[in-house]
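Structure below is work01.tsv: TSV, C-alpha atoms.
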chain	number	residue	atom	x	y	z
A	1	MET	CA	-21.55	-30.31	-24.83
A	2	ASP	CA	-23.60	-33.33	-23.90
A	3	ASN	CA	-27.32	-33.16	-23.40
A	4	PRO	CA	-27.76	-31.80	-19.84
A	5	SER	CA	-29.67	-34.93	-18.84
A	6	ASN	CA	-26.62	-37.05	-19.68
A	7	ILE	CA	-23.89	-34.83	-18.27
A	8	ASP	CA	-23.59	-36.71	-14.97
A	9	ARG	CA	-22.93	-40.09	-16.59
A	10	SER	CA	-19.24	-39.67	-17.40
A	11	GLY	CA	-18.09	-41.82	-14.46
A	12	LEU	CA	-15.79	-39.06	-13.18
A	13	ASP	CA	-17.98	-37.75	-10.40
A	14	GLU	CA	-17.36	-36.05	-7.05
A	15	LEU	CA	-19.17	-36.20	-3.75
A	16	VAL	CA	-19.66	-32.43	-3.85
A	17	PRO	CA	-21.24	-31.44	-7.18
A	18	SER	CA	-19.17	-29.12	-9.34
A	19	ARG	CA	-21.45	-28.66	-12.35
A	20	TYR	CA	-25.07	-27.70	-12.80
A	21	ALA	CA	-27.00	-27.84	-16.08
A	22	LEU	CA	-29.96	-25.71	-17.09
A	23	ARG	CA	-31.61	-24.42	-20.24
A	24	VAL	CA	-32.44	-20.92	-21.39
A	25	GLY	CA	-34.97	-21.55	-24.13
A	26	GLU	CA	-32.97	-23.42	-26.80
A	27	ILE	CA	-29.62	-22.51	-25.20
A	28	ASP	CA	-27.80	-25.14	-23.12
A	29	VAL	CA	-25.99	-23.76	-20.06
A	30	LEU	CA	-23.60	-25.53	-17.71
A	31	VAL	CA	-22.32	-23.79	-14.57
A	32	VAL	CA	-18.93	-25.24	-13.60
A	33	SER	CA	-17.06	-24.66	-10.35
A	34	ASP	CA	-13.33	-23.93	-10.70
A	35	GLY	CA	-13.03	-24.23	-6.91
A	36	VAL	CA	-12.74	-21.58	-4.22
A	37	LEU	CA	-10.29	-18.76	-3.52
A	38	PRO	CA	-9.13	-17.98	0.05
A	39	ILE	CA	-9.27	-14.19	0.34
A	40	PRO	CA	-8.77	-12.01	3.47
A	41	ALA	CA	-12.10	-10.69	4.72
A	42	PRO	CA	-11.14	-6.97	4.54
A	43	VAL	CA	-10.87	-7.29	0.74
A	44	MET	CA	-14.63	-7.87	0.67
A	45	ALA	CA	-15.26	-4.27	1.77
A	46	HIS	CA	-12.37	-1.89	2.34
A	47	ASN	CA	-14.37	1.35	2.56
A	48	VAL	CA	-16.35	0.52	5.72
A	49	ASP	CA	-15.73	0.42	9.44
A	50	PRO	CA	-14.21	-2.97	10.37
A	51	ALA	CA	-16.91	-3.40	13.03
A	52	ALA	CA	-19.65	-3.08	10.39
A	53	ARG	CA	-17.90	-5.59	8.18
A	54	ALA	CA	-17.44	-7.99	11.09
A	55	ALA	CA	-21.12	-7.69	12.03
A	56	TRP	CA	-22.20	-8.50	8.47
A	57	LEU	CA	-19.92	-11.53	8.36
A	58	GLU	CA	-21.30	-12.78	11.65
A	59	ASP	CA	-24.87	-12.31	10.45
A	60	MET	CA	-24.05	-14.33	7.34
A	61	PHE	CA	-22.36	-17.14	9.32
A	62	LEU	CA	-19.05	-16.38	7.61
A	63	PRO	CA	-15.60	-16.45	9.25
A	64	PRO	CA	-14.21	-13.08	10.38
A	65	GLU	CA	-10.69	-13.25	8.92
A	66	MET	CA	-10.46	-15.39	5.78
A	67	LEU	CA	-13.23	-16.07	3.27
A	68	GLU	CA	-13.47	-18.69	0.56
A	69	TRP	CA	-14.80	-17.05	-2.58
A	70	PRO	CA	-16.51	-19.46	-4.98
A	71	LEU	CA	-15.16	-19.36	-8.52
A	72	ASN	CA	-17.68	-20.20	-11.24
A	73	VAL	CA	-17.53	-20.27	-15.04
A	74	ILE	CA	-20.22	-21.26	-17.51
A	75	VAL	CA	-20.31	-23.19	-20.76
A	76	VAL	CA	-22.98	-22.22	-23.27
A	77	ARG	CA	-24.10	-23.98	-26.44
A	78	SER	CA	-26.09	-22.02	-29.00
A	79	GLY	CA	-26.33	-22.06	-32.78
A	80	GLY	CA	-23.77	-24.84	-33.14
A	81	ARG	CA	-21.16	-22.98	-31.09
A	82	THR	CA	-19.78	-24.05	-27.72
A	83	ILE	CA	-18.77	-21.03	-25.69
A	84	LEU	CA	-16.64	-20.99	-22.54
A	85	ILE	CA	-17.38	-17.88	-20.50
A	86	ASP	CA	-14.31	-17.17	-18.36
A	87	ALA	CA	-11.63	-19.77	-17.75
A	88	GLY	CA	-10.92	-19.95	-14.03
A	89	LEU	CA	-7.62	-19.61	-12.21
A	90	GLY	CA	-5.47	-22.26	-13.86
A	91	MET	CA	-2.19	-22.95	-12.11
A	92	ASP	CA	-1.60	-21.52	-8.63
A	93	PRO	CA	0.45	-18.32	-9.24
A	94	ASP	CA	2.49	-18.73	-5.99
A	95	LEU	CA	-0.33	-17.17	-3.98
A	96	HIS	CA	-1.35	-20.28	-2.02
A	97	LEU	CA	-4.68	-20.85	-3.76
A	98	PRO	CA	-4.75	-24.66	-3.77
A	99	LYS	CA	-8.54	-25.07	-3.88
A	100	ALA	CA	-9.02	-23.43	-7.28
A	101	GLY	CA	-7.82	-24.16	-10.79
A	102	ARG	CA	-10.00	-27.23	-11.37
A	103	LEU	CA	-11.68	-26.17	-14.62
A	104	VAL	CA	-9.95	-28.49	-17.10
A	105	GLN	CA	-10.55	-31.63	-15.06
A	106	ARG	CA	-14.14	-30.63	-14.35
A	107	LEU	CA	-14.86	-29.97	-18.02
A	108	GLN	CA	-13.49	-33.43	-18.70
A	109	ALA	CA	-15.71	-34.89	-15.97
A	110	ALA	CA	-18.69	-33.21	-17.66
A	111	GLY	CA	-17.81	-34.77	-21.01
A	112	ILE	CA	-16.67	-31.51	-22.60
A	113	ASP	CA	-13.52	-31.78	-24.69
A	114	LEU	CA	-11.44	-28.64	-25.12
A	115	THR	CA	-11.43	-29.23	-28.89
A	116	SER	CA	-15.20	-28.67	-28.92
A	117	VAL	CA	-14.91	-25.09	-27.61
A	118	THR	CA	-15.42	-22.65	-30.49
A	119	ASP	CA	-15.41	-19.40	-28.52
A	120	VAL	CA	-14.20	-17.98	-25.22
A	121	VAL	CA	-15.78	-14.88	-23.72
A	122	LEU	CA	-13.84	-13.06	-21.00
A	123	THR	CA	-15.77	-10.86	-18.60
A	124	HIS	CA	-12.38	-9.33	-17.77
A	125	MET	CA	-8.72	-10.29	-17.54
A	126	HIS	CA	-8.10	-10.86	-13.84
A	127	MET	CA	-6.08	-14.06	-13.48
A	128	ASP	CA	-9.00	-16.04	-11.99
A	129	HIS	CA	-10.85	-15.50	-15.29
A	130	ILE	CA	-8.05	-16.22	-17.77
A	131	GLY	CA	-5.70	-18.59	-15.94
A	132	GLY	CA	-7.31	-21.80	-17.16
A	133	LEU	CA	-6.12	-20.94	-20.67
A	134	LEU	CA	-2.54	-20.68	-19.41
A	135	VAL	CA	-2.30	-24.19	-17.97
A	136	ASP	CA	0.43	-26.22	-19.66
A	137	GLY	CA	-0.95	-28.16	-22.62
A	138	VAL	CA	-4.29	-26.33	-22.84
A	139	LYS	CA	-3.43	-24.03	-25.73
A	140	GLU	CA	-2.31	-27.00	-27.84
A	141	ARG	CA	-5.65	-28.75	-27.25
A	142	LEU	CA	-7.74	-25.77	-28.30
A	143	ARG	CA	-8.85	-25.49	-31.91
A	144	PRO	CA	-6.78	-23.17	-34.13
A	145	ASP	CA	-9.84	-21.14	-35.13
A	146	LEU	CA	-10.86	-20.45	-31.50
A	147	ARG	CA	-12.22	-16.93	-31.05
A	148	ILE	CA	-11.60	-15.12	-27.75
A	149	HIS	CA	-13.96	-12.19	-27.19
A	150	VAL	CA	-12.89	-9.43	-24.82
A	151	ALA	CA	-13.65	-5.72	-24.61
A	152	ALA	CA	-11.12	-3.49	-26.35
A	153	ALA	CA	-11.06	-1.28	-23.25
A	154	GLU	CA	-9.92	-4.29	-21.21
A	155	LEU	CA	-7.00	-5.02	-23.49
A	156	LYS	CA	-6.02	-1.35	-23.40
A	157	PHE	CA	-6.15	-1.24	-19.60
A	158	TRP	CA	-3.77	-4.17	-19.20
A	159	GLU	CA	-1.11	-2.52	-21.34
A	160	ALA	CA	-0.31	-0.42	-18.24
A	161	PRO	CA	-2.76	-1.35	-15.44
A	162	ASP	CA	-3.43	1.21	-12.72
A	163	PHE	CA	-4.18	-0.40	-9.35
A	164	SER	CA	-4.01	2.85	-7.35
A	165	ARG	CA	-7.66	2.66	-6.23
A	166	ALA	CA	-7.74	-1.08	-5.59
A	167	SER	CA	-6.97	-2.70	-2.23
A	168	MET	CA	-5.67	-6.20	-2.95
A	169	PRO	CA	-3.76	-8.66	-0.79
A	170	GLU	CA	0.02	-8.63	-1.08
A	171	GLY	CA	1.33	-10.36	-4.17
A	172	PHE	CA	-1.86	-10.10	-6.19
A	173	PRO	CA	-1.02	-6.98	-8.26
A	174	ASP	CA	2.18	-8.51	-9.63
A	175	ALA	CA	0.45	-11.86	-10.25
A	176	LEU	CA	-2.36	-10.11	-12.14
A	177	ARG	CA	0.11	-8.22	-14.32
A	178	ARG	CA	2.09	-11.37	-15.12
A	179	ALA	CA	-1.00	-13.40	-16.01
A	180	ALA	CA	-2.46	-10.71	-18.28
A	181	LYS	CA	0.86	-10.13	-20.06
A	182	LYS	CA	1.35	-13.86	-20.64
A	183	PHE	CA	-2.23	-14.28	-21.82
A	184	VAL	CA	-2.01	-11.53	-24.44
A	185	SER	CA	1.37	-12.82	-25.60
A	186	GLU	CA	0.11	-16.37	-26.08
A	187	TYR	CA	-3.35	-15.65	-27.51
A	188	HIS	CA	-3.04	-12.33	-29.37
A	189	SER	CA	-3.84	-13.89	-32.75
A	190	ARG	CA	-7.11	-15.34	-31.44
A	191	LEU	CA	-8.39	-12.21	-29.73
A	192	ARG	CA	-11.57	-10.64	-31.11
A	193	PRO	CA	-11.98	-7.27	-29.34
A	194	PHE	CA	-15.36	-5.55	-29.25
A	195	ASP	CA	-16.24	-2.01	-28.24
A	196	GLU	CA	-19.51	-2.01	-26.29
A	197	GLU	CA	-21.58	-5.05	-27.29
A	198	HIS	CA	-21.18	-8.14	-29.43
A	199	GLU	CA	-23.41	-11.12	-30.28
A	200	VAL	CA	-21.20	-14.20	-30.01
A	201	ALA	CA	-23.89	-16.71	-31.04
A	202	PRO	CA	-27.68	-16.60	-31.37
A	203	GLY	CA	-29.01	-15.16	-28.11
A	204	VAL	CA	-25.55	-14.84	-26.53
A	205	VAL	CA	-24.57	-11.19	-26.17
A	206	VAL	CA	-21.56	-9.81	-24.28
A	207	ARG	CA	-21.89	-6.20	-23.11
A	208	ARG	CA	-19.24	-3.97	-21.55
A	209	THR	CA	-20.16	-2.46	-18.18
A	210	GLY	CA	-16.84	-1.13	-16.89
A	211	GLY	CA	-16.43	-0.51	-13.17
A	212	HIS	CA	-14.71	-3.59	-11.81
A	213	THR	CA	-12.18	-3.10	-14.60
A	214	PRO	CA	-12.50	-0.67	-17.53
A	215	GLY	CA	-13.53	-3.45	-19.89
A	216	HIS	CA	-15.50	-5.60	-17.46
A	217	SER	CA	-18.46	-7.15	-19.27
A	218	VAL	CA	-21.56	-9.20	-18.57
A	219	VAL	CA	-23.10	-11.87	-20.78
A	220	ARG	CA	-26.83	-11.86	-21.47
A	221	LEU	CA	-28.56	-15.00	-22.72
A	222	ALA	CA	-32.00	-14.87	-24.35
A	223	SER	CA	-33.99	-17.56	-26.17
A	224	GLY	CA	-37.75	-17.68	-26.58
A	225	GLY	CA	-39.12	-16.07	-23.46
A	226	ASP	CA	-36.23	-17.18	-21.25
A	227	ARG	CA	-33.29	-15.09	-20.11
A	228	LEU	CA	-30.21	-15.37	-17.91
A	229	THR	CA	-27.38	-12.98	-17.05
A	230	PHE	CA	-23.83	-13.99	-16.20
A	231	ALA	CA	-22.56	-11.00	-14.23
A	232	GLY	CA	-18.88	-11.87	-13.84
A	233	ASP	CA	-17.51	-9.77	-10.98
A	234	ALA	CA	-20.20	-7.08	-11.07
A	235	VAL	CA	-21.88	-8.70	-8.05
A	236	PHE	CA	-20.32	-10.34	-5.00
A	237	GLN	CA	-22.25	-11.93	-2.13
A	238	VAL	CA	-22.17	-8.78	-0.04
A	239	GLY	CA	-23.30	-6.68	-3.02
A	240	PHE	CA	-27.00	-7.41	-2.56
A	241	ASP	CA	-27.60	-5.86	0.86
A	242	ARG	CA	-24.45	-3.69	0.86
A	243	PRO	CA	-24.13	-2.60	-2.78
A	244	ASP	CA	-22.08	0.47	-1.82
A	245	TRP	CA	-19.30	-1.56	-0.18
A	246	HIS	CA	-16.13	-1.54	-2.27
A	247	ASN	CA	-14.42	-4.77	-3.21
A	248	GLY	CA	-10.65	-4.63	-3.10
A	249	PHE	CA	-10.24	-5.82	-6.68
A	250	GLU	CA	-12.36	-3.01	-8.15
A	251	HIS	CA	-10.30	-0.54	-10.14
A	252	ASP	CA	-12.99	2.16	-10.02
A	253	PRO	CA	-14.98	1.43	-6.85
A	254	GLU	CA	-17.61	4.13	-7.28
A	255	GLU	CA	-18.30	3.16	-10.89
A	256	ALA	CA	-18.38	-0.51	-9.90
A	257	ALA	CA	-21.05	0.30	-7.31
A	258	ARG	CA	-23.10	2.20	-9.91
A	259	VAL	CA	-22.84	-0.74	-12.32
A	260	ARG	CA	-23.86	-3.16	-9.57
A	261	VAL	CA	-26.92	-1.18	-8.50
A	262	SER	CA	-28.04	-0.59	-12.09
A	263	LEU	CA	-27.71	-4.26	-12.98
A	264	LEU	CA	-29.47	-5.48	-9.84
A	265	ARG	CA	-32.34	-3.03	-10.40
A	266	GLU	CA	-32.71	-4.27	-13.96
A	267	LEU	CA	-32.71	-7.93	-12.92
A	268	ALA	CA	-35.28	-7.25	-10.21
A	269	VAL	CA	-37.58	-5.87	-12.92
A	270	THR	CA	-36.95	-8.55	-15.55
A	271	ARG	CA	-37.01	-11.35	-12.92
A	272	GLU	CA	-34.45	-13.29	-14.94
A	273	PRO	CA	-31.93	-15.60	-13.25
A	274	LEU	CA	-28.49	-14.34	-12.31
A	275	VAL	CA	-25.24	-16.29	-12.24
A	276	ALA	CA	-22.02	-14.65	-11.05
A	277	THR	CA	-18.41	-15.69	-10.66
A	278	HIS	CA	-18.10	-15.40	-6.89
A	279	LEU	CA	-21.57	-16.35	-5.64
A	280	SER	CA	-21.94	-19.73	-3.96
A	281	PHE	CA	-22.07	-22.53	-6.53
A	282	PRO	CA	-24.12	-22.95	-8.66
A	283	SER	CA	-25.03	-19.32	-7.92
A	284	VAL	CA	-28.30	-19.37	-9.90
A	285	CYS	CA	-30.55	-16.88	-8.15
A	286	TYR	CA	-33.12	-14.13	-8.60
A	287	VAL	CA	-32.96	-10.53	-7.45
A	288	SER	CA	-35.66	-8.74	-5.50
A	289	VAL	CA	-35.73	-5.21	-4.13
A	290	ALA	CA	-35.77	-4.83	-0.36
A	291	GLY	CA	-36.18	-1.15	0.39
A	292	ASP	CA	-33.00	0.62	-0.68
A	293	VAL	CA	-31.06	-2.61	-1.12
A	294	PHE	CA	-31.56	-6.01	-2.73
A	295	ARG	CA	-32.19	-9.62	-1.82
A	296	CYS	CA	-30.67	-12.70	-3.42
A	297	VAL	CA	-33.30	-15.44	-3.81
A	298	PRO	CA	-31.64	-18.78	-4.61
A	299	ALA	CA	-33.25	-20.69	-7.46
A	300	VAL	CA	-34.65	-24.13	-6.67
A	301	TRP	CA	-32.39	-26.78	-8.22
A	302	ASP	CA	-34.10	-28.32	-11.23
A	303	TYR	CA	-33.64	-32.08	-11.12
Would you mind giving the structure from this file in structure tokens?
Amino acid sequence: MDNPSNIDRSGLDELVPSRYALRVGEIDVLVVSDGVLPIPAPVMAHNVDPAARAAWLEDMFLPPEMLEWPLNVIVVRSGGRTILIDAGLGMDPDLHLPKAGRLVQRLQAAGIDLTSVTDVVLTHMHMDHIGGLLVDGVKERLRPDLRIHVAAAELKFWEAPDFSRASMPEGFPDALRRAAKKFVSEYHSRLRPFDEEHEVAPGVVVRRTGGHTPGHSVVRLASGGDRLTFAGDAVFQVGFDRPDWHNGFEHDPEEAARVRVSLLRELAVTREPLVATHLSFPSVCYVSVAGDVFRCVPAVWDY
């Protein structure tokens, strides 16, 4: 990965920024937008009265029927390793998601060649986190010694996934199954499962949380006195002031809520930055406690 100060000089720029560089001590971090996902609003919270959900959306200046979820990944460089954390959607799986799947071209625009990636960490195996690795031609451009880190519980879950407690839009369950099956088939020799926690590179630790999926994990970065957490799908926008609302893609909604509250409480104490997959790009924010709920405090962009 280029020095963050030089990342915007590739000549392949966009009017709307799609990458944001920061440092965590000696660790280089680049937040990259894979685009946005159009998702029906009820998926945001399927365990609440529709009127309550509609009131929250109105208060947040969001449309009442269809939302556009941001889709972020991060690239981390530490100890001579270049680590891609999640891989975006990839090709549109016949679900009419034309605004996502931009990761490969945006890595190129940032001056990051796929051959430089030494490791991939997957927070979980939903298709919007693995699909970028399934794009035609990507596997052939990745180095043969690439290591893909994913929780063993996640791999086990996708052998026979149970969606009985989820509430997804039509077509998504089958698309998720197909993507996960294809991913394991194509990359099984490069998978490096871990049980609960694994240090991928100096100061880069992936830790299983469960909840959203059985093997859902977060990535904690620490260098010097600096820290940052990439929360994957543990936290959605509504999760700060409505942490008990159930997202339709959660396979164990109650456990996902417990994970969310525990993580947000911890981050409010440590005061470290948070980045998450589906928070508005670049999603770098801090967490504060507001009574029984939480508040997302956006970080000031560091120019």
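The spacing separating atom CA of Ala45 of chain A from atom CA of Gly248 of chain A amounts to 6.7 Å.
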By how many Å are atom CA of Ala100 of chain A and atom CA of Ser18 of chain A apart? 11.8 Å
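Using all atoms listed in the file, the contacts of segment 65-77 of chain A at a cut-off of 6 Å, with sequence neighbours closer than 6 positions omitted, comprise Ile27, Asp28, Val29, Leu30, Val31, Val32, Ser33, Asp34, Gly35, Val36, Leu37, Pro38, Ile39, Pro40, Ala41, Ile83, Leu84, Ile85, Asp86, Thr277, His278, Leu279 and Ser280 of chain A.
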Report as a PyMOL selection string all protein, DNA and RNA residues lying within 12 Å of Phe194 of chain A, evaluated on all atoms listed in the file, omitting residues in the same chain fewer than 2 positions from it. chain A and resi 121-123+147-156+191-192+196-200+205-208+215-217
From the list A:Lys139, A:His46, A:Arg81, A:Arg227, which residue is nearest Leu22 of chain A when using all atoms listed in the file? A:Arg227
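The spacing separating atom CA of Leu57 of chain A from atom CA of Asn247 of chain A amounts to 14.5 Å.
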